[in-house]
Amino acid sequence: MIPMKRITFLLLLTSLLSITVLSAQDARLAQQYYRDGEYEKAAVLYENLYKKTNYNNFYFDRYVESLLAMDAYDECEKVIKKHLKRDPENVQLHVTYGKLYERQVEDEKAQEQYQLAIEKLPKDQFVITKLANAFMSLTKYELAIATYERGSELLKNEQAFAYNLGELYRRKGDIPKMVENYINSIEANPNRVNSVRSVFQRYLSEEDYKVVQAQLYKKLQEDPDNPLYPEMLAWVLIQRKDYKGALRQVRALDRRLRENGGRVFRLAQTAANDEDYEAAIQAYEYIVDEKGLQSPYYLDAKRQALRCRRWQLVDGYDYTEQDLQQLEQAYESFLDEFGRSKRTADIILELAELEALYINDFDKAISLLQEMIDYPNVDPKTQAEGKLALADYYLMQGEIWEATLLYSQVDKAFKEDQLGHEARFRNARLSYYAGDFQWAQAQFDVLKASTSKLISNDALDLSVFIMDNLGLDTSEAALKLYADADMLVFQSRFEDAFDKLDTLRTTFPEHSLGDDVLYLKARIHKKKKNFSKAAELLTQIVEAYPEEIRADNALFQLAELYENELGDLEKAKELYERLFIDFSDSTLAVQARKRYRILRGDEVQ
C-alpha cells in the first residue's frame with residue numbers, strides 16, 4: 001500500500017506539471033496573438049501569465065506593450081504603478097512609464113521618468129548596462145550616454161563603460177568623444193585593441209584619423225612609459241601612410257621592450273609594399289645597424305633593403321649611371337658578406353637583372369646566371385626563374401636558339417606549373433619577335449586557357465593582335481617592324497623603340513597598326529612616368545580609333561591614369577562609365593563598372 005505522504009507529493013507534482021504545461025501553451029498562444037496583432041486576446045493571456053508567474057518582468061513587458069497597442073493608457077498606467085509599488089528599485093519601470101507618457105504626447109512627464117530612472121541607478125554594472133540598452137532600443141542615445149556616465153560615477157571607474165560610450169558617440173557622429181572613449185576602453189582592456197582598430201577602419205575618414213593621432217600624442221605625453229600609446233599611434237600613422245612617423249614609434253617600442261627587430265621589420269615590409277621605399281630602407285637599416293647579427297631578421301633586412309634601393313632607383317627609369325654603379329656595388333658587397341650559394345641565389349638573380357636591363361652588361365648577367373643555375377641543391381623554382389631570365393638575355397642578344405632551349409627546359413620541368421606556362425608563353429613571344437607569326441599565334445591560342453589570368457590575358461591579346469594585322473598585303477613587313485619595336489621596349493631601349501615605330505608610320509602610313517603604334521608609345525611613356533604624354537596618346541586612340549581592338553584597353557588605361565596618377569577622379573569616373581556603356585562586350589567592362597561604382601562612393605564587395 002502506497003503511503004499517504006507519497007500520494008500527496010505525487011498529486012502536488014502532477015498539479016505543478018499541469019500548471020507548467022498550461023502556462024507554456026498560454027505563452028505560445030499569447031505570442032501568436034501578439035504577432036498577429038490581436039492585442040486584446042494577447043493582453044488577457046499575458047495578464048494571466050504575469051500573475052501566475054509571480055509578476056514576471058517579461059510577461060509584464062508584453063502585457064504593457066499589448067495595452068499600449070490598444071491605446072488603453074489608463075489601464076496601462078495602473079499596471080505600471082502597481083508594479084512599481086511591488087518593485088520600487090526596478091529603474092527599468094520608469095522607462096516603461098516614460099514610453100506611456102510619450103505615447104500620449106506628454107514629453108515633459110516622459111523626460112521626468114527617464115531622468116528618474118538614471119537618478120535611481122544602483123551601483124550595479126548589470127543594471128546600469130540594462131538601463132542604457134533600454135534607452136538605446138528607443139534610439140535615445142543621449143539618455144544612454146547619461147546612463148553610462150552616471151554609472152561610471154557610481155562605480156568610481158571612468159573606463160567601466162568606455163567602449164559602450166565610444167559606440168554611442170559614434171552613432172551620434174561625435175568623432176572626438178568617440179575616439180576618446182575607445183582609447184579609454186583599450187586602457188581598461190588592451191585585448192580590445194583589434195576590435196577598436198576594426199571600428200576605426202570602418203568608420204573613420206582621413207581627417208578623423210588626425211583626431212585619433214592628436215589624442216594619442218596627448219596620452220603619450222601624459223604617460224610616456226605605456227607601450228599601448230606608441231603601438232596604437234604607429235598603427236594610426238600606417239593608416240595615414242605616414243611610414244616614417246610610424247617608424248619613429250616602432251623603433252622606440254623596439255628599444256624600450258628590447259625586441260629583436262620583428263616589429264620594425266613588419267613595418268618595413270608594409271612601407272615597401274606601399275612603395276614608400278625610403279621609409280622601408282630606413283627601417284631595414286635600423287635592424288642591420290642597431291640589432292646586428294644577433295637579430296633573426298638581419299639577413300632578410302639586408303636583402304630587402306637592397307631590393308628597396310633597386311625598386312626606388314629603377315622605378316620610373318629616373319637614374320644616372322653613377323646611381324646604377326652604386327647599386328651594383330651594394331649587391332656585390334652583399335654577396336661578399338654572405339657568399340655565393342643557394343642561400344643567395346635570389347640576390348644573384350636580381351643582380352643579373354640589374355646588369356642586363358639597366359647597366360646593359362649582358363655578358364656579366366649571363367655569367368652570373370650560368371653560375372647560379374649550377375649551384376648544388378639550389379631551389380628548383382629559383383633555378384627555373386634563373387633559366388627564364390637567362391633565356392631573356394640571350395634573346396636580347398639575338399641568340400634565339402639558346403633562348404628557346406632554356407624556355408623549353410623550364411616548360412618540360414614545370415609542365416603543369418605556372419612557371420611552365422610562363423616558359424611556354426615566352427617561347428611563343430620569341431617566335432613573335434622573330435617574325436614567325438603563324439606559329440606564335442597557334443601557341444598563344446593554346447595559352448589562352450592558362451590558369452594564370454595574366455598569362456591568359458597576354459596570350460589572348462597577342463593572338464588577336466596578330467590575327468588582326470596579318471590580313472593585308474605587305475602587312476607582315478609592317479608587323480615585323482612593330483615586333484622589333486616591341487622587342488626594344490622589352491630591352492628597355494626606349495629611344496630605339498620610338499625610332500622603329502616612327503619608321504613604321506612613315507613606311508606604312510595607312511596601315512591598320514596605327515592604333516597599336518600609339519598604344520606602344522603610351523606604354524613607353526608610362527614606364528618613364530610621363531603620365532600626361534601617355535594620357536595624350538591613349539586619348540588619340542580612343543578618339544581616332546574607336547572601332548579598333550586597342551580602344552577598350554586604351555580607355556581603361558586612360559581611366560586608370562586619371563584615377564591613380566593625374567588626380568582627376570571625376571574624369572576617371574566618366575571614362576570608366578563610357579567603357580562599360582560603349583564597350584559592354586569588353587572583358588574590361590565588369591572591372592570598369594566596379595571602379596566606377598567605387599569612385600561614385602558605392603559599397604562594393
# chains A, B, ... in the order shown; residues from 1 in each chain; ligands from 1

call {"tool": "select_by_dssp", "arguments": {"residues": "stretch 209-381 of chain A", "states": "helix (DSSP H, G or I)", "output": "number ranges by chain"}}
result
A: 209-222, 228-239, 243-256, 262-273, 277-294, 298-314, 321-338, 342-357, 362-373, 380-381

call {"tool": "residues_around", "arguments": {"residues": "A:Val590", "least_positions_apart": "6", "cutoff": "12 Å", "atoms": "only C-alpha atoms", "output": "PyMOL selection string"}}
result
chain A and resi 556+576-577+579-581+583-584+596-597

call {"tool": "write_last_selection", "arguments": {"atoms": "N, CA and C atoms", "output": "short mmCIF file (atom, residue, chain, number, x, y, z; two decimals), in the first residue's frame"}}
result
data_model
loop_
_atom_site.label_atom_id
_atom_site.label_comp_id
_atom_site.auth_asym_id
_atom_site.auth_seq_id
_atom_site.Cartn_x
_atom_site.Cartn_y
_atom_site.Cartn_z
N PHE A 556 40.44 52.03 -70.75
CA PHE A 556 40.62 51.57 -69.37
C PHE A 556 41.92 52.13 -68.79
N TYR A 576 35.45 55.41 -67.09
CA TYR A 576 35.00 54.06 -66.73
C TYR A 576 33.56 53.84 -67.19
N GLU A 577 32.71 54.85 -66.96
CA GLU A 577 31.31 54.73 -67.37
C GLU A 577 31.20 54.58 -68.88
N LEU A 579 33.34 53.28 -70.83
CA LEU A 579 33.83 51.95 -71.23
C LEU A 579 32.74 50.90 -71.08
N PHE A 580 32.10 50.85 -69.91
CA PHE A 580 31.12 49.75 -69.74
C PHE A 580 29.82 50.00 -70.48
N ILE A 581 29.59 51.23 -70.95
CA ILE A 581 28.41 51.50 -71.79
C ILE A 581 28.73 51.27 -73.26
N PHE A 583 31.49 49.83 -74.58
CA PHE A 583 32.21 48.58 -74.85
C PHE A 583 31.70 47.49 -73.90
N SER A 584 30.39 47.29 -73.89
CA SER A 584 29.78 46.36 -72.94
C SER A 584 30.24 44.92 -73.13
N TYR A 596 33.99 52.33 -61.38
CA TYR A 596 33.05 53.45 -61.44
C TYR A 596 32.23 53.53 -60.16
N ARG A 597 31.74 52.39 -59.71
CA ARG A 597 30.89 52.38 -58.50
C ARG A 597 31.70 52.77 -57.26
#

call {"tool": "closest_residue", "arguments": {"among": "A:Pro296, A:Gly166, A:Gly98, A:Gly514", "to": "A:Ile186", "atoms": "only C-alpha atoms"}}
result
A:Gly166

call {"tool": "residues_around", "arguments": {"residues": "stretch 474-484 of chain A", "least_positions_apart": "5", "cutoff": "7 Å", "atoms": "only C-alpha atoms", "output": "list in words"}}
result
Tyr432, Tyr433, Gly435, Asn469, Lys500, Leu501, Leu504 and Phe508 of chain A

call {"tool": "residues_around", "arguments": {"residues": "stretch 35-39 of chain A", "least_positions_apart": "6", "cutoff": "8 Å", "atoms": "only C-alpha atoms", "output": "list in words"}}
result
Ser66, Leu67, Ala69 and Met70 of chain A

call {"tool": "write_last_selection", "arguments": {"atoms": "C-alpha atoms", "output": "PDB file, in the first residue's frame"}}
result
ATOM      1  CA  SER A  66      -0.300  44.940 -25.722  1.00  0.00           C
ATOM      2  CA  LEU A  67      -2.146  47.623 -23.724  1.00  0.00           C
ATOM      3  CA  ALA A  69      -1.007  48.881 -28.851  1.00  0.00           C
ATOM      4  CA  MET A  70      -4.692  49.069 -27.878  1.00  0.00           C
TER       5      MET A  70
END

call {"tool": "residues_around", "arguments": {"residues": "A:Asn184", "least_positions_apart": "5", "cutoff": "8 Å", "atoms": "only C-alpha atoms", "output": "PDB file with N, CA and C atoms, in the first residue's frame"}}
result
ATOM      1  N   GLN A 159      36.529  54.179 -16.841  1.00  0.00           N
ATOM      2  CA  GLN A 159      36.702  53.304 -18.001  1.00  0.00           C
ATOM      3  C   GLN A 159      35.706  52.154 -18.035  1.00  0.00           C
ATOM      4  N   ALA A 162      33.563  52.684 -21.119  1.00  0.00           N
ATOM      5  CA  ALA A 162      34.198  53.480 -22.178  1.00  0.00           C
ATOM      6  C   ALA A 162      33.883  52.924 -23.566  1.00  0.00           C
ATOM      7  N   TYR A 163      33.930  51.600 -23.738  1.00  0.00           N
ATOM      8  CA  TYR A 163      33.662  51.007 -25.053  1.00  0.00           C
ATOM      9  C   TYR A 163      32.227  51.292 -25.487  1.00  0.00           C
TER      10      TYR A 163
END

call {"tool": "residues_around", "arguments": {"residues": "stretch 284-294 of chain A", "least_positions_apart": "5", "cutoff": "12 Å", "atoms": "only C-alpha atoms", "output": "JSON, numbers by chain"}}
result
{"A": [247, 248, 250, 251, 252, 254, 255, 258, 259, 260, 261, 262, 263, 264, 265, 266, 267, 268, 269, 270, 271, 272, 277, 278, 279, 299, 300, 301, 302, 303, 304, 305, 306, 307, 308, 309, 337, 338]}

call {"tool": "write_last_selection", "arguments": {"atoms": "N, CA and C atoms", "output": "tab-separated table (two decimals), in the first residue's frame"}}
result
chain	number	residue	atom	x	y	z
A	247	LEU	N	57.57	54.66	-38.12
A	247	LEU	CA	58.88	54.09	-37.82
A	247	LEU	C	59.44	54.66	-36.51
A	248	ARG	N	59.23	55.95	-36.27
A	248	ARG	CA	59.71	56.55	-35.02
A	248	ARG	C	59.09	55.85	-33.81
A	250	VAL	N	57.68	52.67	-33.72
A	250	VAL	CA	58.05	51.25	-33.56
A	250	VAL	C	59.51	51.09	-33.16
A	251	ARG	N	60.35	52.03	-33.59
A	251	ARG	CA	61.75	51.98	-33.13
A	251	ARG	C	61.82	52.19	-31.62
A	252	ALA	N	61.04	53.17	-31.14
A	252	ALA	CA	61.02	53.45	-29.70
A	252	ALA	C	60.51	52.23	-28.93
A	254	ASP	N	60.66	49.09	-29.96
A	254	ASP	CA	61.66	48.03	-30.09
A	254	ASP	C	62.76	48.20	-29.05
A	255	ARG	N	63.19	49.45	-28.84
A	255	ARG	CA	64.25	49.71	-27.86
A	255	ARG	C	63.74	49.53	-26.44
A	258	ARG	N	63.06	45.96	-25.70
A	258	ARG	CA	64.23	45.12	-26.01
A	258	ARG	C	63.86	43.96	-26.93
A	259	GLU	N	63.19	44.32	-28.03
A	259	GLU	CA	62.76	43.32	-29.01
A	259	GLU	C	63.89	43.01	-29.98
A	260	ASN	N	63.61	42.06	-30.89
A	260	ASN	CA	64.65	41.62	-31.83
A	260	ASN	C	64.53	42.25	-33.22
A	261	GLY	N	63.68	43.27	-33.34
A	261	GLY	CA	63.53	43.95	-34.62
A	261	GLY	C	62.35	43.49	-35.45
A	262	GLY	N	61.59	42.51	-34.94
A	262	GLY	CA	60.47	41.96	-35.71
A	262	GLY	C	59.40	42.99	-36.03
A	263	ARG	N	59.07	43.84	-35.07
A	263	ARG	CA	58.05	44.87	-35.26
A	263	ARG	C	58.49	45.85	-36.35
A	264	VAL	N	59.76	46.24	-36.32
A	264	VAL	CA	60.31	47.17	-37.30
A	264	VAL	C	60.34	46.52	-38.69
A	265	PHE	N	60.68	45.23	-38.73
A	265	PHE	CA	60.75	44.50	-40.00
A	265	PHE	C	59.37	44.46	-40.66
A	266	ARG	N	58.33	44.20	-39.88
A	266	ARG	CA	56.98	44.14	-40.44
A	266	ARG	C	56.54	45.49	-40.98
A	267	LEU	N	56.91	46.57	-40.27
A	267	LEU	CA	56.59	47.91	-40.78
A	267	LEU	C	57.32	48.16	-42.09
A	268	ALA	N	58.58	47.75	-42.17
A	268	ALA	CA	59.37	47.94	-43.40
A	268	ALA	C	58.70	47.24	-44.57
A	269	GLN	N	58.19	46.03	-44.34
A	269	GLN	CA	57.51	45.29	-45.41
A	269	GLN	C	56.26	46.04	-45.87
A	270	THR	N	55.50	46.56	-44.92
A	270	THR	CA	54.28	47.32	-45.26
A	270	THR	C	54.63	48.55	-46.08
A	271	ALA	N	55.65	49.29	-45.65
A	271	ALA	CA	56.07	50.50	-46.37
A	271	ALA	C	56.55	50.15	-47.78
A	272	ALA	N	57.33	49.06	-47.89
A	272	ALA	CA	57.84	48.65	-49.21
A	272	ALA	C	56.69	48.26	-50.13
A	277	TYR	N	59.67	53.50	-50.41
A	277	TYR	CA	60.95	52.78	-50.30
A	277	TYR	C	61.91	53.46	-49.32
A	278	GLU	N	61.83	54.78	-49.23
A	278	GLU	CA	62.74	55.48	-48.33
A	278	GLU	C	62.49	55.08	-46.89
A	279	ALA	N	61.21	55.05	-46.48
A	279	ALA	CA	60.87	54.65	-45.10
A	279	ALA	C	61.25	53.18	-44.88
A	299	LEU	N	69.71	39.07	-41.91
A	299	LEU	CA	69.93	38.71	-43.31
A	299	LEU	C	68.80	39.22	-44.20
A	300	ASP	N	67.56	38.97	-43.78
A	300	ASP	CA	66.41	39.41	-44.59
A	300	ASP	C	66.33	40.93	-44.67
A	301	ALA	N	66.71	41.60	-43.59
A	301	ALA	CA	66.69	43.07	-43.61
A	301	ALA	C	67.69	43.61	-44.63
A	302	LYS	N	68.90	43.02	-44.65
A	302	LYS	CA	69.90	43.46	-45.63
A	302	LYS	C	69.42	43.17	-47.05
A	303	ARG	N	68.83	41.99	-47.22
A	303	ARG	CA	68.33	41.58	-48.54
A	303	ARG	C	67.22	42.52	-49.02
A	304	GLN	N	66.26	42.79	-48.12
A	304	GLN	CA	65.12	43.63	-48.52
A	304	GLN	C	65.52	45.10	-48.70
A	305	ALA	N	66.47	45.57	-47.91
A	305	ALA	CA	66.95	46.95	-48.08
A	305	ALA	C	67.56	47.11	-49.46
A	306	LEU	N	68.29	46.09	-49.87
A	306	LEU	CA	68.92	46.10	-51.19
A	306	LEU	C	67.86	46.16	-52.28
A	307	ARG	N	66.83	45.35	-52.13
A	307	ARG	CA	65.75	45.33	-53.12
A	307	ARG	C	65.02	46.67	-53.17
A	308	CYS	N	64.79	47.24	-51.99
A	308	CYS	CA	64.09	48.54	-51.97
A	308	CYS	C	64.93	49.61	-52.66
A	309	ARG	N	66.25	49.57	-52.48
A	309	ARG	CA	67.10	50.55	-53.18
A	309	ARG	C	66.96	50.37	-54.69
A	337	GLU	N	79.63	39.50	-48.39
A	337	GLU	CA	79.38	39.22	-46.98
A	337	GLU	C	78.75	37.85	-46.76
A	338	PHE	N	77.81	37.48	-47.62
A	338	PHE	CA	77.05	36.26	-47.39
A	338	PHE	C	77.42	35.11	-48.33

call {"tool": "closest_residue", "arguments": {"among": "A:Asp346, A:Glu416, A:Glu40, A:Asp411", "to": "A:Thr382", "atoms": "only C-alpha atoms"}}
result
A:Asp346

call {"tool": "residues_around", "arguments": {"residues": "A:Tyr148", "least_positions_apart": "5", "cutoff": "9 Å", "atoms": "only C-alpha atoms", "output": "ChimeraX atom specification"}}
result
/A:128-129,131-132,143,153,160-162,164-165

call {"tool": "write_last_selection", "arguments": {"atoms": "C-alpha atoms", "output": "PDB file, in the first residue's frame"}}
result
ATOM      1  CA  ILE A 128      23.367  50.205 -15.489  1.00  0.00           C
ATOM      2  CA  THR A 129      24.045  48.361 -18.757  1.00  0.00           C
ATOM      3  CA  LEU A 131      19.050  50.606 -18.488  1.00  0.00           C
ATOM      4  CA  ALA A 132      21.388  52.025 -21.165  1.00  0.00           C
ATOM      5  CA  LEU A 143      19.956  59.224 -22.316  1.00  0.00           C
ATOM      6  CA  GLU A 153      30.472  57.996 -11.349  1.00  0.00           C
ATOM      7  CA  ALA A 160      33.933  50.919 -16.928  1.00  0.00           C
ATOM      8  CA  PHE A 161      31.665  51.814 -19.867  1.00  0.00           C
ATOM      9  CA  ALA A 162      34.198  53.480 -22.178  1.00  0.00           C
ATOM     10  CA  ASN A 164      29.864  51.403 -24.861  1.00  0.00           C
ATOM     11  CA  LEU A 165      30.226  55.194 -24.783  1.00  0.00           C
TER      12      LEU A 165
END

call {"tool": "atom_distance", "arguments": {"atom1": "atom CA of A:Val410", "atom2": "atom CA of A:Ala423"}}
result
6.1 Å

call {"tool": "closest_residue", "arguments": {"among": "A:Leu154, A:Leu233, A:Ala365, A:Ala134", "to": "A:Leu121", "atoms": "only C-alpha atoms"}}
result
A:Leu154

call {"tool": "atom_distance", "arguments": {"atom1": "atom CA of A:Ala459", "atom2": "atom CA of A:Asn553"}}
result
14.8 Å

call {"tool": "closest_residue", "arguments": {"among": "A:Leu462, A:Asn191, A:Leu569, A:Arg578", "to": "A:Ile549", "atoms": "only C-alpha atoms"}}
result
A:Leu462

call {"tool": "closest_residue", "arguments": {"among": "A:Thr507, A:Ser195, A:Thr139, A:Ser456", "to": "A:Arg171", "atoms": "only C-alpha atoms"}}
result
A:Thr139

call {"tool": "closest_residue", "arguments": {"among": "A:Ile524, A:Arg340, A:Glu328, A:Glu399", "to": "A:Asp374", "atoms": "only C-alpha atoms"}}
result
A:Arg340
